[in-house]
Amino acid sequence: MKKPAQHPIAEVPRRQAKVEMTIGIDLGDVWSHYCTLNQDGEVVDRGRFRTTPKAIEKWFTDLPPARVAMEAGTHSIWISEQLQELGHEVIVANVRELRAISHSDRKSDQVDAEKLARYARLDPNILRPIAHRTVAQQQALTLIRARALLVRLRTAAVNAVRGLTKSCGYRMPASATTCFAQRSLAVMPPGLAQALGPVLHQIAEMTVKIKQYDRQIQQLGQTEYPEAQALLKVHGVGHLTALTFVLTLGSKERFGRSRDVGCYLGLRPRRSQSGDHDPQLGITHAGNAYLRSLLIECSNHILRPHGRDSALRQWGLHLAARGGKQAKSKAVVAVARKLAVLLHRLWSTQEPYIPFYEKAA
């Protein structure tokens with residue numbers, strides 16, 4: 001007897017809740033363009049509005065609840081929060097997943113807004129939506145980014161002074177960045193001191209301001225974000241890394257598994273497998289580059305020769321001892337990935353950190 005024909009899963013009709021109205025917004029620095037689709041996918045309105053809170057309130061306050069899609073960018077944080085307060089469903093699309101928009105040969109603001117609307121209407125998962133941190137968290141994170149900016153400027157100034165003095169036949173003494181200005185002024189010849197003295201004074205002032213930022217960051221972590229204190233128990237993790245970790249991720253409930261944090265921060269190896277070809281590739285470098293660099297610094301601190309012993313350190317040293325090409329660098333990245341998972345776990349549970357968890361269990 002013939003068996004009854006079985007329809008493939010793809011042919012089974014699925015019921016999807018239709019959205020009354022879908023709006024795609026292509027955000028711009030001055031003007032933002034929008035495209036509105038009705039329930040049947042027909043374009044019912046196009047236009048633009050100024051990228052200001054007042055314009056958002058004017059255009060979206062009287063609209064019935066709609067699904068609004070936009071790309072992640074400079075203005076998407078505060079615009080998405082304002083639209084959610086107005087009662088709309090907001091989808092912030094991951095830019096890395098929108099090659100059909102960014103690499104299109106007929107790219108324009110109007111076309112991009114319509115594509116966002118059509119993707120959001122059919123299946124929001126196509127856009128790989130991301131979860132933004134709140135505006136308050138973004139303001140706190142600005143303190144950390146301002147400090148990072150001063151550190152970069154100070155490093156550039158120090159390197160410039162060293163390079164300019166070498167071209168005149170002098171060499172500035174080896175010293176820590178915090179005391180570079182004082183030591184350099186003490187040994188610099190008068191001719192160069194007249195030209196580079198103001199730069200060295202700026203370096204000294206930036207050092208003072210960086211120390212002020214450090215105190216503010218420590219105080220902010222103790223008062224506004226006390227849950228970050230649990231992360232400080234891990235040897236090698238300081239106030240800067242702990243607060244940056246909490247503010248960058250935004251919410252501990254954002255990840256269903258702590259293991260997903262390493263992938264989110266770009267510490268997962270890339271893969272390009274085809275048939276029998278499956279080469280070993282570097283990490284994806286996705287996510288927040290600054291937090292990833294902080295975790296790499298912490299990893300180096302953990303694996304240094306006189307680092308405090310722990311299960312994480314022993315695991316990293318075992319990887320580095322395997323040898324091979326760039327074994328130490330791979331071990332540092334692997335420890336950073338595992339450290340990201342550990343920090344999220346401590347943040348979520350607020351349990352005390354145990355360096356040798358398996359032995360304690």
# chains A, B, ... in the order shown; residues from 1 in each chain; ligands from 1

$ residues_around --residues "A:Ala181" --least-positions-apart "2" --cutoff "7 Å" --atoms "only C-alpha atoms" --output "JSON, numbers by chain"
{"A": [179, 183, 184, 185, 200, 201, 203, 204]}

$ write_last_selection --atoms "C-alpha atoms" --output "short mmCIF file (atom, residue, chain, number, x, y, z; two decimals), in the first residue's frame"
data_model
loop_
_atom_site.label_atom_id
_atom_site.label_comp_id
_atom_site.auth_asym_id
_atom_site.auth_seq_id
_atom_site.Cartn_x
_atom_site.Cartn_y
_atom_site.Cartn_z
CA CYS A 179 55.26 60.88 35.37
CA ARG A 183 60.86 63.51 33.95
CA SER A 184 61.02 64.84 30.41
CA LEU A 185 61.04 68.51 31.49
CA LEU A 200 54.28 68.38 28.30
CA HIS A 201 52.10 70.62 30.47
CA ILE A 203 50.16 65.79 29.16
CA ALA A 204 50.43 66.50 32.91
#

$ residues_around --residues "stretch 167-174 of chain A" --least-positions-apart "3" --cutoff "9 Å" --atoms "only C-alpha atoms" --output "list of chain:residue names"
A:Val161, A:Arg162, A:Gly163, A:Leu164, A:Phe180, A:Arg183, A:Ser184, A:Val187, A:Met188, A:Pro189, A:Leu192

$ residues_around --residues "stretch 337-353 of chain A" --least-positions-apart "3" --cutoff "8 Å" --atoms "only C-alpha atoms" --output "ChimeraX atom specification"
/A:227-228,230-231,233-234,252-253,258-262,267-268,295,299,312,333-334

$ write_last_selection --atoms "all heavy atoms" --output "compact mmCIF listing (two decimals), in the first residue's frame"
# COMPACT_ATOMS: atom_id res chain seq x y z
N GLU A 227 25.73 46.40 41.78
CA GLU A 227 25.86 45.01 41.35
C GLU A 227 27.18 44.74 40.65
O GLU A 227 27.60 43.59 40.51
CB GLU A 227 24.70 44.62 40.44
CG GLU A 227 24.64 45.36 39.11
CD GLU A 227 23.87 46.67 39.18
OE1 GLU A 227 23.65 47.18 40.28
OE2 GLU A 227 23.49 47.17 38.10
N ALA A 228 27.85 45.81 40.20
CA ALA A 228 29.15 45.63 39.55
C ALA A 228 30.25 45.27 40.53
O ALA A 228 31.33 44.81 40.12
CB ALA A 228 29.53 46.91 38.80
N ALA A 230 30.39 42.81 42.53
CA ALA A 230 30.65 41.36 42.55
C ALA A 230 31.71 40.97 41.54
O ALA A 230 32.42 39.97 41.72
CB ALA A 230 29.34 40.60 42.27
N LEU A 231 31.87 41.76 40.47
CA LEU A 231 32.85 41.44 39.43
C LEU A 231 34.28 41.74 39.88
O LEU A 231 35.24 41.20 39.32
CB LEU A 231 32.54 42.21 38.16
CG LEU A 231 31.41 41.71 37.25
CD1 LEU A 231 30.07 41.65 37.97
CD2 LEU A 231 31.28 42.57 36.00
N LYS A 233 35.71 40.88 42.49
CA LYS A 233 36.33 39.78 43.23
C LYS A 233 37.28 38.96 42.37
O LYS A 233 38.15 38.26 42.88
CB LYS A 233 35.23 38.88 43.81
CG LYS A 233 34.25 39.59 44.72
CD LYS A 233 34.92 40.24 45.91
CE LYS A 233 33.92 40.95 46.81
NZ LYS A 233 34.59 41.61 47.97
N VAL A 234 37.11 39.03 41.06
CA VAL A 234 38.00 38.30 40.15
C VAL A 234 39.32 39.06 40.06
O VAL A 234 39.34 40.25 39.73
CB VAL A 234 37.37 38.15 38.76
CG1 VAL A 234 38.29 37.35 37.83
CG2 VAL A 234 36.01 37.48 38.87
N LYS A 252 21.32 42.21 32.69
CA LYS A 252 21.79 40.84 32.89
C LYS A 252 20.86 39.82 32.27
O LYS A 252 21.26 38.71 31.94
CB LYS A 252 21.95 40.57 34.39
CG LYS A 252 20.66 40.63 35.17
CD LYS A 252 20.88 40.46 36.66
CE LYS A 252 21.48 41.71 37.26
NZ LYS A 252 21.56 41.66 38.73
N GLU A 253 19.56 40.18 32.09
CA GLU A 253 18.59 39.27 31.48
C GLU A 253 18.66 39.27 29.96
O GLU A 253 17.90 38.57 29.29
CB GLU A 253 17.17 39.64 31.92
CG GLU A 253 16.87 39.41 33.39
CD GLU A 253 17.37 40.55 34.26
OE1 GLU A 253 17.72 41.61 33.68
OE2 GLU A 253 17.41 40.39 35.50
N SER A 258 25.04 32.57 29.83
CA SER A 258 26.24 33.39 30.00
C SER A 258 27.25 33.14 28.88
O SER A 258 28.04 34.02 28.54
CB SER A 258 26.89 33.10 31.36
OG SER A 258 26.03 33.47 32.42
N ARG A 259 27.21 31.96 28.29
CA ARG A 259 28.16 31.63 27.21
C ARG A 259 27.96 32.51 25.99
O ARG A 259 28.89 32.66 25.17
CB ARG A 259 28.00 30.16 26.80
CG ARG A 259 28.40 29.17 27.89
CD ARG A 259 28.26 27.75 27.40
NE ARG A 259 29.14 27.49 26.26
CZ ARG A 259 29.18 26.34 25.60
NH1 ARG A 259 28.40 25.34 25.98
NH2 ARG A 259 29.99 26.18 24.59
N ASP A 260 26.77 33.10 25.84
CA ASP A 260 26.50 33.94 24.67
C ASP A 260 27.23 35.27 24.73
O ASP A 260 27.34 35.97 23.72
CB ASP A 260 25.00 34.18 24.52
CG ASP A 260 24.23 32.90 24.26
OD1 ASP A 260 24.85 31.95 23.73
OD2 ASP A 260 23.03 32.84 24.59
N VAL A 261 27.71 35.65 25.91
CA VAL A 261 28.36 36.96 26.06
C VAL A 261 29.66 37.01 25.26
O VAL A 261 30.00 38.02 24.65
CB VAL A 261 28.61 37.27 27.54
CG1 VAL A 261 29.31 38.62 27.70
CG2 VAL A 261 27.31 37.27 28.31
N GLY A 262 30.42 35.91 25.27
CA GLY A 262 31.66 35.88 24.51
C GLY A 262 31.43 36.08 23.02
O GLY A 262 32.20 36.79 22.36
N LEU A 267 34.47 37.60 20.66
CA LEU A 267 35.58 36.73 21.09
C LEU A 267 35.42 35.30 20.61
O LEU A 267 36.18 34.42 21.03
CB LEU A 267 35.69 36.77 22.62
CG LEU A 267 36.09 38.12 23.20
CD1 LEU A 267 35.90 38.14 24.71
CD2 LEU A 267 37.54 38.46 22.85
N ARG A 268 34.44 35.06 19.77
CA ARG A 268 34.22 33.73 19.21
C ARG A 268 34.98 33.61 17.88
O ARG A 268 34.98 34.54 17.08
CB ARG A 268 32.73 33.50 18.96
CG ARG A 268 32.41 32.21 18.21
CD ARG A 268 30.93 32.13 17.90
NE ARG A 268 30.48 33.21 17.04
CZ ARG A 268 30.59 33.21 15.71
NH1 ARG A 268 31.16 32.19 15.09
NH2 ARG A 268 30.16 34.22 15.01
N LEU A 295 38.89 43.40 28.40
CA LEU A 295 38.94 41.99 28.79
C LEU A 295 40.26 41.35 28.37
O LEU A 295 40.80 40.49 29.09
CB LEU A 295 37.77 41.24 28.16
CG LEU A 295 36.38 41.60 28.68
CD1 LEU A 295 35.29 40.90 27.88
CD2 LEU A 295 36.24 41.24 30.16
N SER A 299 42.92 39.62 30.83
CA SER A 299 43.43 38.29 30.55
C SER A 299 44.95 38.25 30.62
O SER A 299 45.55 37.31 31.17
CB SER A 299 42.94 37.83 29.17
OG SER A 299 43.45 36.56 28.84
N LEU A 312 40.95 29.54 36.29
CA LEU A 312 40.99 30.23 35.00
C LEU A 312 42.43 30.43 34.55
O LEU A 312 42.75 30.22 33.36
CB LEU A 312 40.27 31.57 35.11
CG LEU A 312 40.21 32.43 33.85
CD1 LEU A 312 39.46 31.68 32.74
CD2 LEU A 312 39.54 33.76 34.14
N VAL A 333 43.21 35.30 24.30
CA VAL A 333 41.85 35.51 23.79
C VAL A 333 40.88 34.51 24.39
O VAL A 333 39.75 34.85 24.75
CB VAL A 333 41.85 35.42 22.24
CG1 VAL A 333 40.43 35.50 21.70
CG2 VAL A 333 42.70 36.53 21.64
N ALA A 334 41.32 33.26 24.52
CA ALA A 334 40.45 32.23 25.10
C ALA A 334 40.11 32.55 26.56
O ALA A 334 38.97 32.38 27.00
CB ALA A 334 41.12 30.86 24.99

$ closest_residue --among "A:Lys166, A:Arg106, A:His75, A:Arg215" --to "A:Val30" --atoms "only C-alpha atoms"
A:His75

$ atom_distance --atom1 "atom CA of A:Gly28" --atom2 "atom CA of A:Ile126"
22.2 Å

$ closest_residue --among "A:Val111, A:Leu247, A:Ala66, A:Leu86" --to "A:Ile144" --atoms "only C-alpha atoms"
A:Leu247

$ select_by_dssp --residues "stretch 88-194 of chain A" --states "alpha helix (DSSP H)" --output "PyMOL selection string"
chain A and resi 99-102+109-122+135-166+180-187+190-194

$ atom_distance --atom1 "atom CA of A:Phe49" --atom2 "atom CA of A:Leu141"
28.3 Å

$ closest_residue --among "A:His33, A:Arg257, A:Lys330, A:Arg308" --to "A:Gly282" --atoms "only C-alpha atoms"
A:Lys330

$ residues_around --residues "A:Leu98" --least-positions-apart "4" --cutoff "12 Å" --atoms "only C-alpha atoms" --output "PyMOL selection string"
chain A and resi 70-72+92-94+102-104+112+115-116+119+125-129

$ write_last_selection --atoms "C-alpha atoms" --output "short mmCIF file (atom, residue, chain, number, x, y, z; two decimals), in the first residue's frame"
data_model
loop_
_atom_site.label_atom_id
_atom_site.label_comp_id
_atom_site.auth_asym_id
_atom_site.auth_seq_id
_atom_site.Cartn_x
_atom_site.Cartn_y
_atom_site.Cartn_z
CA MET A 70 15.38 51.35 12.31
CA GLU A 71 19.08 50.64 12.04
CA ALA A 72 21.38 50.78 15.05
CA VAL A 92 16.51 48.12 16.18
CA ALA A 93 18.18 46.22 13.36
CA ASN A 94 21.73 44.89 13.53
CA SER A 102 24.23 48.73 2.89
CA HIS A 103 25.56 47.03 -0.29
CA SER A 104 22.64 47.81 -2.57
CA ASP A 112 16.37 52.01 2.79
CA LYS A 115 13.27 47.91 2.92
CA LEU A 116 13.37 48.18 6.70
CA TYR A 119 11.59 43.23 6.52
CA ASN A 125 14.08 38.10 13.00
CA ILE A 126 15.53 38.89 9.57
CA LEU A 127 16.80 42.14 11.05
CA ARG A 128 18.51 40.33 13.96
CA PRO A 129 17.17 42.96 16.40
#

$ closest_residue --among "A:Ala242, A:Val151, A:Ala321, A:Ala120" --to "A:Val208" --atoms "only C-alpha atoms"
A:Val151

$ atom_distance --atom1 "atom CA of A:Glu20" --atom2 "atom CA of A:Arg118"
13.0 Å

$ residues_around --residues "A:Asp45" --least-positions-apart "3" --cutoff "8 Å" --atoms "only C-alpha atoms" --output "PyMOL selection string"
chain A and resi 35-37

$ residues_around --residues "A:His235" --least-positions-apart "2" --cutoff "9 Å" --atoms "only C-alpha atoms" --output "list in words"
Leu232, Lys233, Val237, Gly238, Cys298, His301, Ile302, Gly307, Arg308, Ser310 and Pro355 of chain A

$ write_last_selection --atoms "C-alpha atoms" --output "JSON list (two decimals), in the first residue's frame"
[["chain", "number", "residue", "atom", "x", "y", "z"],
["A", 232, "LEU", "CA", 35.74, 43.01, 41.34],
["A", 233, "LYS", "CA", 36.33, 39.78, 43.23],
["A", 237, "VAL", "CA", 39.30, 42.99, 37.05],
["A", 238, "GLY", "CA", 39.17, 46.60, 38.24],
["A", 298, "CYS", "CA", 42.54, 41.58, 32.20],
["A", 301, "HIS", "CA", 47.07, 40.34, 33.83],
["A", 302, "ILE", "CA", 45.71, 36.93, 34.84],
["A", 307, "GLY", "CA", 49.50, 36.35, 38.55],
["A", 308, "ARG", "CA", 47.29, 35.03, 41.33],
["A", 310, "SER", "CA", 43.05, 30.26, 39.95],
["A", 355, "PRO", "CA", 38.90, 30.79, 42.27]]

$ residues_around --residues "A:Val90" --least-positions-apart "5" --cutoff "10 Å" --atoms "only C-alpha atoms" --output "list in words"
Ile23, Ala66, Arg67, Val68, Ala69, Met70, Ile79, Ser80, Glu81, Gln82, Leu83, Gln84, Ala120 and Pro129 of chain A

$ write_last_selection --atoms "all heavy atoms" --output "mmCIF file, in the first residue's frame"
data_model
loop_
_atom_site.group_PDB
_atom_site.id
_atom_site.type_symbol
_atom_site.label_atom_id
_atom_site.label_comp_id
_atom_site.auth_asym_id
_atom_site.auth_seq_id
_atom_site.Cartn_x
_atom_site.Cartn_y
_atom_site.Cartn_z
ATOM 1 N N ILE A 23 6.358 50.784 10.092
ATOM 2 C CA ILE A 23 7.082 51.989 9.679
ATOM 3 C C ILE A 23 8.574 51.691 9.688
ATOM 4 O O ILE A 23 9.122 51.199 10.684
ATOM 5 C CB ILE A 23 6.789 53.179 10.622
ATOM 6 C CG1 ILE A 23 5.285 53.443 10.679
ATOM 7 C CG2 ILE A 23 7.529 54.431 10.160
ATOM 8 C CD1 ILE A 23 4.901 54.493 11.698
ATOM 9 N N ALA A 66 2.197 51.132 16.365
ATOM 10 C CA ALA A 66 2.731 50.558 15.127
ATOM 11 C C ALA A 66 4.051 49.876 15.420
ATOM 12 O O ALA A 66 4.656 50.048 16.483
ATOM 13 C CB ALA A 66 2.915 51.648 14.075
ATOM 14 N N ARG A 67 4.489 49.062 14.451
ATOM 15 C CA ARG A 67 5.811 48.436 14.525
ATOM 16 C C ARG A 67 6.786 49.323 13.772
ATOM 17 O O ARG A 67 6.602 49.593 12.581
ATOM 18 C CB ARG A 67 5.783 47.045 13.921
ATOM 19 C CG ARG A 67 7.150 46.360 13.862
ATOM 20 C CD ARG A 67 7.059 44.984 13.263
ATOM 21 N NE ARG A 67 6.354 44.067 14.155
ATOM 22 C CZ ARG A 67 5.996 42.829 13.806
ATOM 23 N NH1 ARG A 67 6.250 42.382 12.581
ATOM 24 N NH2 ARG A 67 5.375 42.061 14.661
ATOM 25 N N VAL A 68 7.824 49.792 14.463
ATOM 26 C CA VAL A 68 8.783 50.728 13.891
ATOM 27 C C VAL A 68 10.148 50.054 13.836
ATOM 28 O O VAL A 68 10.630 49.520 14.848
ATOM 29 C CB VAL A 68 8.865 52.025 14.726
ATOM 30 C CG1 VAL A 68 9.812 53.015 14.071
ATOM 31 C CG2 VAL A 68 7.477 52.643 14.890
ATOM 32 N N ALA A 69 10.774 50.070 12.661
ATOM 33 C CA ALA A 69 12.089 49.455 12.474
ATOM 34 C C ALA A 69 13.096 50.519 12.074
ATOM 35 O O ALA A 69 12.787 51.418 11.282
ATOM 36 C CB ALA A 69 12.030 48.365 11.401
ATOM 37 N N MET A 70 14.296 50.418 12.633
ATOM 38 C CA MET A 70 15.376 51.348 12.313
ATOM 39 C C MET A 70 16.701 50.632 12.484
ATOM 40 O O MET A 70 16.783 49.580 13.134
ATOM 41 C CB MET A 70 15.319 52.575 13.228
ATOM 42 C CG MET A 70 15.595 52.267 14.691
ATOM 43 S SD MET A 70 15.338 53.670 15.784
ATOM 44 C CE MET A 70 13.543 53.760 15.770
ATOM 45 N N ILE A 79 16.005 57.613 20.294
ATOM 46 C CA ILE A 79 14.781 57.569 19.485
ATOM 47 C C ILE A 79 13.976 56.320 19.812
ATOM 48 O O ILE A 79 12.736 56.382 19.954
ATOM 49 C CB ILE A 79 15.132 57.634 17.986
ATOM 50 C CG1 ILE A 79 15.651 59.020 17.615
ATOM 51 C CG2 ILE A 79 13.914 57.291 17.137
ATOM 52 C CD1 ILE A 79 16.017 59.175 16.161
ATOM 53 N N SER A 80 14.632 55.173 19.942
ATOM 54 C CA SER A 80 13.901 53.943 20.263
ATOM 55 C C SER A 80 13.243 54.040 21.636
ATOM 56 O O SER A 80 12.107 53.593 21.825
ATOM 57 C CB SER A 80 14.855 52.745 20.217
ATOM 58 O OG SER A 80 15.895 52.877 21.167
ATOM 59 N N GLU A 81 13.938 54.641 22.603
ATOM 60 C CA GLU A 81 13.346 54.783 23.938
ATOM 61 C C GLU A 81 12.148 55.729 23.909
ATOM 62 O O GLU A 81 11.124 55.477 24.555
ATOM 63 C CB GLU A 81 14.402 55.308 24.909
ATOM 64 C CG GLU A 81 13.918 55.395 26.344
ATOM 65 C CD GLU A 81 15.036 55.668 27.327
ATOM 66 O OE1 GLU A 81 16.032 54.927 27.300
ATOM 67 O OE2 GLU A 81 14.909 56.629 28.117
ATOM 68 N N GLN A 82 12.242 56.814 23.142
ATOM 69 C CA GLN A 82 11.126 57.758 23.061
ATOM 70 C C GLN A 82 9.926 57.129 22.361
ATOM 71 O O GLN A 82 8.781 57.327 22.779
ATOM 72 C CB GLN A 82 11.565 59.025 22.330
ATOM 73 C CG GLN A 82 10.505 60.129 22.320
ATOM 74 C CD GLN A 82 11.014 61.408 21.694
ATOM 75 O OE1 GLN A 82 12.171 61.493 21.257
ATOM 76 N NE2 GLN A 82 10.160 62.415 21.624
ATOM 77 N N LEU A 83 10.162 56.358 21.296
ATOM 78 C CA LEU A 83 9.057 55.711 20.586
ATOM 79 C C LEU A 83 8.384 54.649 21.449
ATOM 80 O O LEU A 83 7.161 54.475 21.393
ATOM 81 C CB LEU A 83 9.573 55.092 19.283
ATOM 82 C CG LEU A 83 9.974 56.077 18.188
ATOM 83 C CD1 LEU A 83 10.578 55.335 17.001
ATOM 84 C CD2 LEU A 83 8.772 56.897 17.723
ATOM 85 N N GLN A 84 9.153 53.936 22.246
ATOM 86 C CA GLN A 84 8.565 52.944 23.151
ATOM 87 C C GLN A 84 7.698 53.611 24.207
ATOM 88 O O GLN A 84 6.642 53.099 24.577
ATOM 89 C CB GLN A 84 9.676 52.119 23.809
ATOM 90 C CG GLN A 84 10.339 51.130 22.864
ATOM 91 C CD GLN A 84 11.537 50.442 23.492
ATOM 92 O OE1 GLN A 84 11.997 50.817 24.568
ATOM 93 N NE2 GLN A 84 12.056 49.425 22.814
ATOM 94 N N ALA A 120 10.603 44.219 8.509
ATOM 95 C CA ALA A 120 9.948 44.184 9.816
ATOM 96 C C ALA A 120 8.521 43.660 9.710
ATOM 97 O O ALA A 120 8.027 43.002 10.633
ATOM 98 C CB ALA A 120 9.946 45.582 10.433
ATOM 99 N N PRO A 129 17.302 41.774 15.534
ATOM 100 C CA PRO A 129 17.167 42.956 16.401
ATOM 101 C C PRO A 129 18.087 42.903 17.604
ATOM 102 O O PRO A 129 18.351 41.834 18.164
ATOM 103 C CB PRO A 129 15.690 42.927 16.815
ATOM 104 C CG PRO A 129 15.245 41.515 16.597
ATOM 105 C CD PRO A 129 16.046 40.990 15.457
#
